[in-house]
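Coordinates from target37.txt are shown below (compact mmCIF, C-alpha atoms).
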# COMPACT_ATOMS: atom_id res chain seq x y z
CA MET T 1 0.00 0.00 0.00
CA LYS T 2 1.40 3.34 -1.06
CA ASN T 3 1.70 6.29 1.26
CA GLU T 4 -1.05 8.86 1.24
CA LYS T 5 -0.41 12.12 -0.57
CA LEU T 6 -1.91 15.38 0.60
CA TYR T 7 -3.25 17.80 -2.03
CA ASP T 8 -5.04 21.12 -1.84
CA LEU T 9 -7.55 19.76 -4.35
CA ILE T 10 -8.42 16.49 -6.01
CA ILE T 11 -10.66 16.60 -9.06
CA ILE T 12 -12.59 13.38 -9.54
CA GLY T 13 -13.45 13.00 -13.20
CA ALA T 14 -11.41 13.80 -16.28
CA GLY T 15 -14.05 14.96 -18.72
CA ALA T 16 -14.71 18.52 -19.90
CA ALA T 17 -15.61 19.75 -16.39
CA GLY T 18 -12.71 18.07 -14.62
CA LEU T 19 -10.06 19.06 -17.16
CA THR T 20 -11.26 22.67 -17.26
CA ALA T 21 -11.20 22.77 -13.46
CA SER T 22 -7.61 21.54 -13.66
CA ILE T 23 -6.66 24.29 -16.10
CA TYR T 24 -8.04 26.96 -13.77
CA ALA T 25 -6.57 25.31 -10.65
CA SER T 26 -3.14 25.39 -12.29
CA ARG T 27 -3.53 29.06 -13.11
CA TYR T 28 -4.41 29.71 -9.46
CA LYS T 29 -1.39 27.58 -8.42
CA VAL T 30 -3.59 25.22 -6.44
CA ARG T 31 -1.71 21.95 -5.91
CA HIS T 32 -4.06 19.38 -7.34
CA LEU T 33 -4.54 15.97 -8.91
CA VAL T 34 -7.05 14.78 -11.52
CA LEU T 35 -8.33 11.23 -11.09
CA GLY T 36 -10.51 9.65 -13.76
CA LYS T 37 -11.35 6.19 -14.99
CA VAL T 38 -11.24 7.44 -18.58
CA SER T 39 -9.61 10.72 -19.54
CA GLY T 40 -12.10 12.57 -21.71
CA GLY T 41 -15.31 11.12 -20.32
CA LEU T 42 -18.38 10.45 -22.46
CA THR T 43 -17.35 13.20 -24.88
CA LEU T 44 -14.88 10.70 -26.34
CA GLU T 45 -17.83 8.88 -27.87
CA ALA T 46 -19.07 11.93 -29.81
CA HIS T 47 -18.52 11.34 -33.51
CA LYS T 48 -18.74 15.07 -34.23
CA VAL T 49 -19.03 18.10 -31.97
CA GLU T 50 -20.45 21.05 -33.88
CA ASN T 51 -21.62 23.36 -31.08
CA TYR T 52 -18.42 24.03 -29.14
CA PRO T 53 -17.23 27.63 -29.80
CA GLY T 54 -14.14 27.89 -31.96
CA TYR T 55 -14.64 24.59 -33.77
CA LYS T 56 -17.12 24.26 -36.63
CA SER T 57 -16.71 20.50 -36.45
CA ILE T 58 -14.38 18.34 -34.38
CA SER T 59 -14.54 14.79 -33.05
CA GLY T 60 -15.14 14.36 -29.34
CA MET T 61 -11.88 12.45 -29.02
CA GLU T 62 -9.84 15.21 -30.65
CA LEU T 63 -11.52 17.92 -28.56
CA MET T 64 -10.83 16.07 -25.31
CA GLN T 65 -7.22 15.50 -26.38
CA LYS T 66 -6.89 19.26 -26.72
CA PHE T 67 -8.40 19.75 -23.25
CA GLN T 68 -5.94 17.26 -21.81
CA GLU T 69 -2.93 18.72 -23.63
CA HIS T 70 -3.87 22.17 -22.34
CA ALA T 71 -4.20 20.93 -18.75
CA LYS T 72 -0.89 19.06 -18.91
CA SER T 73 0.90 22.05 -20.45
CA LEU T 74 0.16 23.92 -17.21
CA GLY T 75 1.59 21.13 -15.10
CA ALA T 76 -1.52 19.11 -14.30
CA LYS T 77 -1.05 15.59 -13.00
CA ILE T 78 -3.73 13.32 -14.47
CA GLU T 79 -3.99 9.72 -13.36
CA GLN T 80 -6.20 7.12 -14.99
CA ASP T 81 -7.61 5.11 -12.14
CA GLU T 82 -10.98 4.09 -10.72
CA ILE T 83 -12.09 5.52 -7.39
CA VAL T 84 -13.52 2.91 -5.04
CA ASN T 85 -14.03 5.02 -1.91
CA ILE T 86 -14.29 8.65 -0.78
CA GLU T 87 -14.60 9.52 2.90
CA ARG T 88 -14.21 12.35 5.36
CA LYS T 89 -10.86 12.08 7.14
CA ASN T 90 -10.61 14.53 10.05
CA LYS T 91 -10.73 17.94 8.36
CA ASP T 92 -9.74 16.53 5.00
CA PHE T 93 -10.98 13.87 2.58
CA GLY T 94 -9.53 10.44 1.91
CA ILE T 95 -9.66 8.69 -1.47
CA THR T 96 -8.87 5.08 -2.29
CA THR T 97 -8.45 3.78 -5.86
CA SER T 98 -8.77 0.36 -7.47
CA GLN T 99 -4.96 0.21 -7.61
CA ASP T 100 -4.90 0.53 -3.81
CA LYS T 101 -3.52 4.04 -3.95
CA LYS T 102 -4.59 6.39 -1.18
CA TYR T 103 -4.73 10.17 -1.31
CA GLN T 104 -5.72 12.92 1.06
CA THR T 105 -7.00 16.33 0.03
CA LYS T 106 -8.28 19.54 1.58
CA THR T 107 -10.99 20.00 -1.06
CA LEU T 108 -12.81 18.03 -3.74
CA ILE T 109 -14.37 18.81 -7.09
CA LEU T 110 -16.80 16.08 -8.10
CA ALA T 111 -16.90 15.94 -11.89
CA LEU T 112 -17.94 12.32 -12.23
CA GLY T 113 -20.33 12.92 -15.11
CA THR T 114 -23.07 10.44 -15.91
CA LYS T 115 -23.54 6.79 -16.71
CA ARG T 116 -25.72 5.50 -19.54
CA ARG T 117 -29.30 4.46 -18.92
CA LYS T 118 -30.25 0.90 -19.79
CA LEU T 119 -33.48 -0.27 -21.39
CA ASN T 120 -33.78 -2.95 -18.67
CA ILE T 121 -35.48 -5.41 -21.01
CA PRO T 122 -35.03 -9.17 -21.38
CA GLY T 123 -32.02 -10.03 -23.52
CA GLU T 124 -30.28 -6.66 -23.17
CA LYS T 125 -27.63 -7.82 -20.74
CA GLU T 126 -27.19 -11.24 -22.34
CA LEU T 127 -26.65 -9.79 -25.82
CA LEU T 128 -24.36 -6.95 -24.80
CA GLY T 129 -21.51 -6.96 -27.28
CA LYS T 130 -23.45 -9.41 -29.45
CA GLY T 131 -25.74 -6.91 -31.10
CA VAL T 132 -26.55 -4.61 -28.15
CA SER T 133 -24.34 -1.53 -27.88
CA TYR T 134 -24.28 1.86 -26.14
CA CYS T 135 -21.69 3.49 -28.42
CA ALA T 136 -22.23 3.94 -32.15
CA VAL T 137 -18.86 5.61 -32.59
CA CYS T 138 -17.15 2.60 -31.01
CA ASP T 139 -19.07 -0.18 -32.77
CA ALA T 140 -20.56 1.18 -36.03
CA ILE T 141 -17.73 -0.30 -38.09
CA PHE T 142 -18.87 -3.83 -37.14
CA TYR T 143 -22.24 -3.31 -38.84
CA LYS T 144 -21.21 -2.77 -42.45
CA ASP T 145 -24.16 -3.55 -44.74
CA LYS T 146 -26.24 -4.63 -41.72
CA ILE T 147 -29.65 -3.52 -40.44
CA VAL T 148 -29.56 -1.68 -37.12
CA ALA T 149 -31.71 0.50 -34.89
CA VAL T 150 -31.07 3.38 -32.52
CA ILE T 151 -33.34 3.55 -29.49
CA GLY T 152 -34.03 7.12 -28.40
CA GLY T 153 -34.90 10.55 -29.74
CA SER T 154 -32.25 12.96 -28.44
CA ASN T 155 -29.31 14.64 -30.16
CA ALA T 156 -27.19 11.65 -29.19
CA ALA T 157 -29.67 9.29 -30.84
CA ALA T 158 -29.75 11.35 -34.03
CA MET T 159 -25.96 11.57 -34.12
CA SER T 160 -25.66 7.83 -33.60
CA ALA T 161 -27.99 7.21 -36.52
CA LEU T 162 -25.90 9.49 -38.74
CA VAL T 163 -22.75 7.64 -37.71
CA LEU T 164 -24.34 4.28 -38.43
CA VAL T 165 -25.57 5.16 -41.95
CA GLU T 166 -21.95 5.47 -42.99
CA HIS T 167 -21.67 1.69 -42.50
CA ALA T 168 -25.10 0.03 -42.25
CA LYS T 169 -27.48 -0.44 -45.17
CA GLN T 170 -30.56 0.46 -43.09
CA VAL T 171 -30.96 2.40 -39.84
CA TYR T 172 -34.14 2.70 -37.80
CA ILE T 173 -34.70 5.22 -35.04
CA ILE T 174 -37.23 3.88 -32.55
CA TYR T 175 -38.66 6.49 -30.21
CA ARG T 176 -41.41 6.29 -27.62
CA ARG T 177 -42.78 9.76 -28.36
CA GLU T 178 -44.45 11.30 -31.41
CA LYS T 179 -41.64 13.72 -32.22
CA LEU T 180 -37.84 13.65 -31.88
CA ARG T 181 -36.50 15.97 -29.18
CA ALA T 182 -33.18 16.51 -30.98
CA GLU T 183 -32.20 19.96 -32.21
CA PRO T 184 -33.98 20.97 -35.45
CA VAL T 185 -30.77 20.81 -37.48
CA MET T 186 -30.22 17.22 -36.34
CA VAL T 187 -33.84 16.28 -37.04
CA ASP T 188 -33.51 17.64 -40.59
CA LYS T 189 -30.42 15.52 -41.20
CA VAL T 190 -32.02 12.25 -40.12
CA GLU T 191 -35.39 12.93 -41.78
CA THR T 192 -33.78 13.66 -45.15
CA ASN T 193 -31.43 10.68 -45.10
CA PRO T 194 -32.90 7.90 -47.30
CA LYS T 195 -31.25 5.16 -45.24
CA ILE T 196 -32.90 6.27 -41.97
CA GLU T 197 -36.47 5.40 -41.04
CA ILE T 198 -38.11 6.70 -37.84
CA ILE T 199 -40.60 4.59 -35.91
CA TYR T 200 -42.51 6.83 -33.50
CA SER T 201 -44.65 6.08 -30.42
CA THR T 202 -43.00 2.72 -29.95
CA ASN T 203 -41.08 0.98 -27.15
CA VAL T 204 -38.75 -2.00 -27.33
CA LEU T 205 -39.89 -4.83 -25.04
CA GLU T 206 -37.27 -7.51 -25.65
CA ALA T 207 -34.05 -8.29 -27.50
CA LYS T 208 -33.95 -11.84 -28.86
CA GLY T 209 -31.26 -14.07 -30.30
CA LYS T 210 -29.27 -17.20 -29.55
CA ASN T 211 -25.62 -16.29 -29.99
CA LYS T 212 -26.27 -12.78 -31.35
CA LEU T 213 -29.13 -10.35 -31.73
CA GLU T 214 -31.66 -11.54 -34.30
CA GLU T 215 -34.76 -9.46 -33.62
CA ILE T 216 -36.48 -7.16 -31.17
CA VAL T 217 -40.04 -7.18 -29.87
CA LEU T 218 -42.05 -3.93 -30.04
CA ASP T 219 -45.07 -2.86 -27.99
CA ARG T 220 -47.07 -2.04 -31.12
CA GLU T 221 -47.22 -3.32 -34.65
CA TYR T 222 -44.90 -1.96 -37.30
CA LYS T 223 -45.79 -2.98 -40.86
CA GLY T 224 -48.02 -5.74 -39.58
CA SER T 225 -45.69 -7.24 -36.98
CA LYS T 226 -44.49 -6.56 -33.44
CA LYS T 227 -41.13 -8.13 -34.29
CA LEU T 228 -38.34 -6.39 -36.18
CA LYS T 229 -35.39 -8.30 -37.64
CA LEU T 230 -32.13 -6.52 -36.75
CA ASP T 231 -28.40 -7.14 -36.55
CA GLY T 232 -27.81 -4.51 -33.88
CA ILE T 233 -29.42 -1.99 -31.55
CA PHE T 234 -27.76 1.11 -30.13
CA VAL T 235 -29.28 2.40 -26.90
CA GLU T 236 -29.33 6.21 -26.58
CA ILE T 237 -31.96 6.95 -23.93
CA GLY T 238 -29.97 9.37 -21.83
CA SER T 239 -27.84 9.06 -18.74
CA THR T 240 -27.99 9.39 -14.97
CA PRO T 241 -25.57 11.16 -12.61
CA ALA T 242 -22.79 8.89 -11.33
CA ILE T 243 -23.33 9.69 -7.65
CA SER T 244 -22.72 6.32 -5.99
CA LEU T 245 -19.27 7.35 -4.73
CA THR T 246 -20.55 10.53 -3.11
CA ARG T 247 -23.21 9.07 -0.82
CA LYS T 248 -20.90 8.58 2.17
CA LEU T 249 -19.99 12.28 2.08
CA GLY T 250 -23.59 13.31 2.68
CA VAL T 251 -23.78 15.43 -0.46
CA GLU T 252 -27.36 16.51 -1.17
CA VAL T 253 -28.99 15.55 -4.47
CA ASP T 254 -32.28 16.54 -6.10
CA GLN T 255 -35.13 14.30 -7.26
CA GLU T 256 -33.15 13.36 -10.38
CA ASN T 257 -30.06 12.46 -8.31
CA CYS T 258 -28.15 15.49 -9.57
CA ILE T 259 -25.83 17.01 -6.97
CA LYS T 260 -27.27 20.26 -5.66
CA VAL T 261 -24.89 23.20 -6.13
CA ASP T 262 -25.11 26.93 -5.61
CA THR T 263 -23.86 29.58 -8.03
CA TYR T 264 -20.31 28.91 -6.84
CA GLN T 265 -20.63 25.17 -7.57
CA ALA T 266 -20.47 24.48 -3.83
CA THR T 267 -22.36 21.56 -2.33
CA ASN T 268 -23.85 21.42 1.16
CA VAL T 269 -20.61 19.81 2.42
CA PRO T 270 -17.85 22.35 3.18
CA GLY T 271 -14.86 21.83 0.93
CA VAL T 272 -16.79 19.78 -1.62
CA PHE T 273 -17.67 21.31 -4.98
CA ALA T 274 -19.21 19.75 -8.08
CA ALA T 275 -19.20 20.50 -11.80
CA GLY T 276 -20.52 19.16 -15.08
CA ASP T 277 -23.29 16.74 -15.95
CA ILE T 278 -23.49 15.43 -12.39
CA THR T 279 -24.89 18.72 -11.03
CA SER T 280 -28.19 20.56 -10.90
CA GLY T 281 -26.54 23.71 -12.28
CA LEU T 282 -26.99 25.69 -15.51
CA ALA T 283 -30.47 24.30 -16.19
CA LYS T 284 -28.99 20.78 -16.50
CA LEU T 285 -28.15 21.57 -20.11
CA ARG T 286 -25.44 18.87 -20.14
CA GLN T 287 -23.30 20.26 -22.90
CA ILE T 288 -19.52 20.40 -23.18
CA VAL T 289 -19.56 24.18 -22.98
CA THR T 290 -21.62 24.23 -19.75
CA ALA T 291 -19.51 21.47 -18.18
CA ALA T 292 -16.39 23.51 -18.91
CA ALA T 293 -18.01 26.64 -17.47
CA GLU T 294 -18.93 24.84 -14.24
CA GLY T 295 -15.42 23.42 -13.99
CA ALA T 296 -13.95 26.91 -14.23
CA VAL T 297 -16.32 28.27 -11.55
CA ALA T 298 -15.67 25.31 -9.24
CA ALA T 299 -11.88 25.73 -9.42
CA THR T 300 -12.20 29.46 -8.76
CA SER T 301 -14.41 28.73 -5.75
CA VAL T 302 -11.87 26.22 -4.42
CA TYR T 303 -9.16 28.86 -4.69
CA GLU T 304 -11.26 31.35 -2.72
CA TYR T 305 -12.23 28.69 -0.18
CA LEU T 306 -8.59 27.72 0.46
CA LYS T 307 -7.64 31.37 0.95
CA THR T 308 -10.12 31.64 3.82
CA LYS T 309 -8.61 28.57 5.48
Have the structure of the file written as structure tokens, please.
Amino acid sequence: MKNEKLYDLIIIGAGAAGLTASIYASRYKVRHLVLGKVSGGLTLEAHKVENYPGYKSISGMELMQKFQEHAKSLGAKIEQDEIVNIERKNKDFGITTSQDKKYQTKTLILALGTKRRKLNIPGEKELLGKGVSYCAVCDAIFYKDKIVAVIGGSNAAAMSALVLVEHAKQVYIIYRREKLRAEPVMVDKVETNPKIEIIYSTNVLEAKGKNKLEEIVLDREYKGSKKLKLDGIFVEIGSTPAISLTRKLGVEVDQENCIKVDTYQATNVPGVFAAGDITSGLAKLRQIVTAAAEGAVAATSVYEYLKTK
């Protein structure tokens, strides 16, 4: 077991919020560490980002690489590791990782982001990696000339469909409502693509197949049948805040399990701040630009907090 290291700040999460917080912490000369299971977070899965200022179009992976390069250029220490425990330790906070490393810090910024929602239907878990996927950018290449479906109606669902049409011969979007909730520009792109067909007001009840996905069962008939033959489904029904690690700290959350923060990104626990998709802030817009903004505010608040101590 390695010796504990004391920091002024530990940022948990290495996505847009966490890396931006690191950039600002470095500028304030706050001695800090960034810990994240995956550097870049869910943004890495974005095929194209076309709403981040300064870039007309850039892949999520490339944008996060630029965030990371910027943070490192200012001296940031970023470690890829999974946090298994966070606890109050006297006046400070103790962190334990999956590699049995232990750290101690005066303050925390929780930038843990979100985890993907599951359909929770029969066959989903059993066929994961065998036709069920949660990342079109990661797996689209395996569905060349295949028939696939995207479940959901958000921007992420529309983007996934547009990624998949570059490989698959037919893409369905299956959505439980009567109208997609994606941005109008995204809706126009999917509606005018001849390889994409949208099935509205429909839910998926089951994924079926022996060794791989063969078909799905719908809750209403589509072209005379409640079964749809498919080679793959891509689940894009949103995400939930990854708050499991924070429960022992007593951090307050709202009815959607988002961490409650004030305008300074402070939680109800002194010394604990939060930023990004995990919070209740900025109207829960959950965009890269708002995550970065919250990260900047949180780091500034940590700097001011440490000055008073």
Using all atoms listed in the file, pick whichever of T:Arg220, T:Lys115, T:Lys5, T:Lys284 has the shortest atom-to-atom distance to Ile237 (chain T).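 So, comparing all the options, the nearest one is T:Lys115.
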Given all atoms listed in the file as the basis, pick out the residue of T:Val272, T:Leu42, T:Ala296, T:Leu112 nearest to Asp8 (chain T).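 Ranking T:Val272, T:Leu42, T:Ala296, T:Leu112 by distance to Asp8 (chain T), first place goes to T:Val272.
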Leu164 (chain T) surroundings by only C-alpha atoms, 12 Å radius, close-in-sequence under 2 positions cut, as a compact mmCIF listing (two decimals) with C-alpha atoms, in the coordinates of the input:
# COMPACT_ATOMS: atom_id res chain seq x y z
CA HIS T 47 -18.52 11.34 -33.51
CA CYS T 135 -21.69 3.49 -28.42
CA ALA T 136 -22.23 3.94 -32.15
CA VAL T 137 -18.86 5.61 -32.59
CA CYS T 138 -17.15 2.60 -31.01
CA ASP T 139 -19.07 -0.18 -32.77
CA ALA T 140 -20.56 1.18 -36.03
CA ILE T 141 -17.73 -0.30 -38.09
CA PHE T 142 -18.87 -3.83 -37.14
CA TYR T 143 -22.24 -3.31 -38.84
CA LYS T 144 -21.21 -2.77 -42.45
CA ASP T 145 -24.16 -3.55 -44.74
CA LYS T 146 -26.24 -4.63 -41.72
CA ILE T 147 -29.65 -3.52 -40.44
CA VAL T 148 -29.56 -1.68 -37.12
CA ALA T 149 -31.71 0.50 -34.89
CA VAL T 150 -31.07 3.38 -32.52
CA ALA T 157 -29.67 9.29 -30.84
CA ALA T 158 -29.75 11.35 -34.03
CA MET T 159 -25.96 11.57 -34.12
CA SER T 160 -25.66 7.83 -33.60
CA ALA T 161 -27.99 7.21 -36.52
CA LEU T 162 -25.90 9.49 -38.74
CA GLU T 166 -21.95 5.47 -42.99
CA HIS T 167 -21.67 1.69 -42.50
CA ALA T 168 -25.10 0.03 -42.25
CA LYS T 169 -27.48 -0.44 -45.17
CA GLN T 170 -30.56 0.46 -43.09
CA VAL T 171 -30.96 2.40 -39.84
CA TYR T 172 -34.14 2.70 -37.80
CA ILE T 173 -34.70 5.22 -35.04
CA VAL T 190 -32.02 12.25 -40.12
CA ASN T 193 -31.43 10.68 -45.10
CA LYS T 195 -31.25 5.16 -45.24
CA ILE T 196 -32.90 6.27 -41.97
CA GLY T 232 -27.81 -4.51 -33.88
CA ILE T 233 -29.42 -1.99 -31.55
CA PHE T 234 -27.76 1.11 -30.13
Quick one, how far is CA of Ile174 (chain T) from CA of Val235 (chain T)?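 CA of Val235 (chain T) lies 9.9 Å from CA of Ile174 (chain T).
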Take every atom of region 242-247 of chain T listed in the file, fit an axis-aligned box around them, add 5 Å per side, and give the centre and edge lengths in Å to one decimal as AutoDock Vina command-line options.
--center_x -21.3 --center_y 8.4 --center_z -6.1 --size_x 14.1 --size_y 14.2 --size_z 20.5
Compile the contact shell of Glu221 (chain T) as a list in words: residues with an atom at most 12 Å away, counting all atoms listed in the file, same-chain residues fewer than 5 positions apart removed.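 In the requested format, the answer is Ile199, Tyr200, Ser201, Thr202, Asn203, Val204, Ile216, Lys226, Lys227 and Leu228 of chain T.
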Those same residues - C-alpha atoms - I'd like them written as a PDB file, keeping the file's coordinate frame.
ATOM      1  CA  ILE T 199     -40.600   4.590 -35.910  1.00  0.00           C
ATOM      2  CA  TYR T 200     -42.510   6.830 -33.500  1.00  0.00           C
ATOM      3  CA  SER T 201     -44.650   6.080 -30.420  1.00  0.00           C
ATOM      4  CA  THR T 202     -43.000   2.720 -29.950  1.00  0.00           C
ATOM      5  CA  ASN T 203     -41.080   0.980 -27.150  1.00  0.00           C
ATOM      6  CA  VAL T 204     -38.750  -2.000 -27.330  1.00  0.00           C
ATOM      7  CA  ILE T 216     -36.480  -7.160 -31.170  1.00  0.00           C
ATOM      8  CA  LYS T 226     -44.490  -6.560 -33.440  1.00  0.00           C
ATOM      9  CA  LYS T 227     -41.130  -8.130 -34.290  1.00  0.00           C
ATOM     10  CA  LEU T 228     -38.340  -6.390 -36.180  1.00  0.00           C
TER      11      LEU T 228
END
Quick one: pull the distance between CA of Lys29 (chain T) and CA of Tyr103 (chain T), Å, one decimal.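 Between CA of Lys29 (chain T) and CA of Tyr103 (chain T) the gap works out to 19.1 Å.
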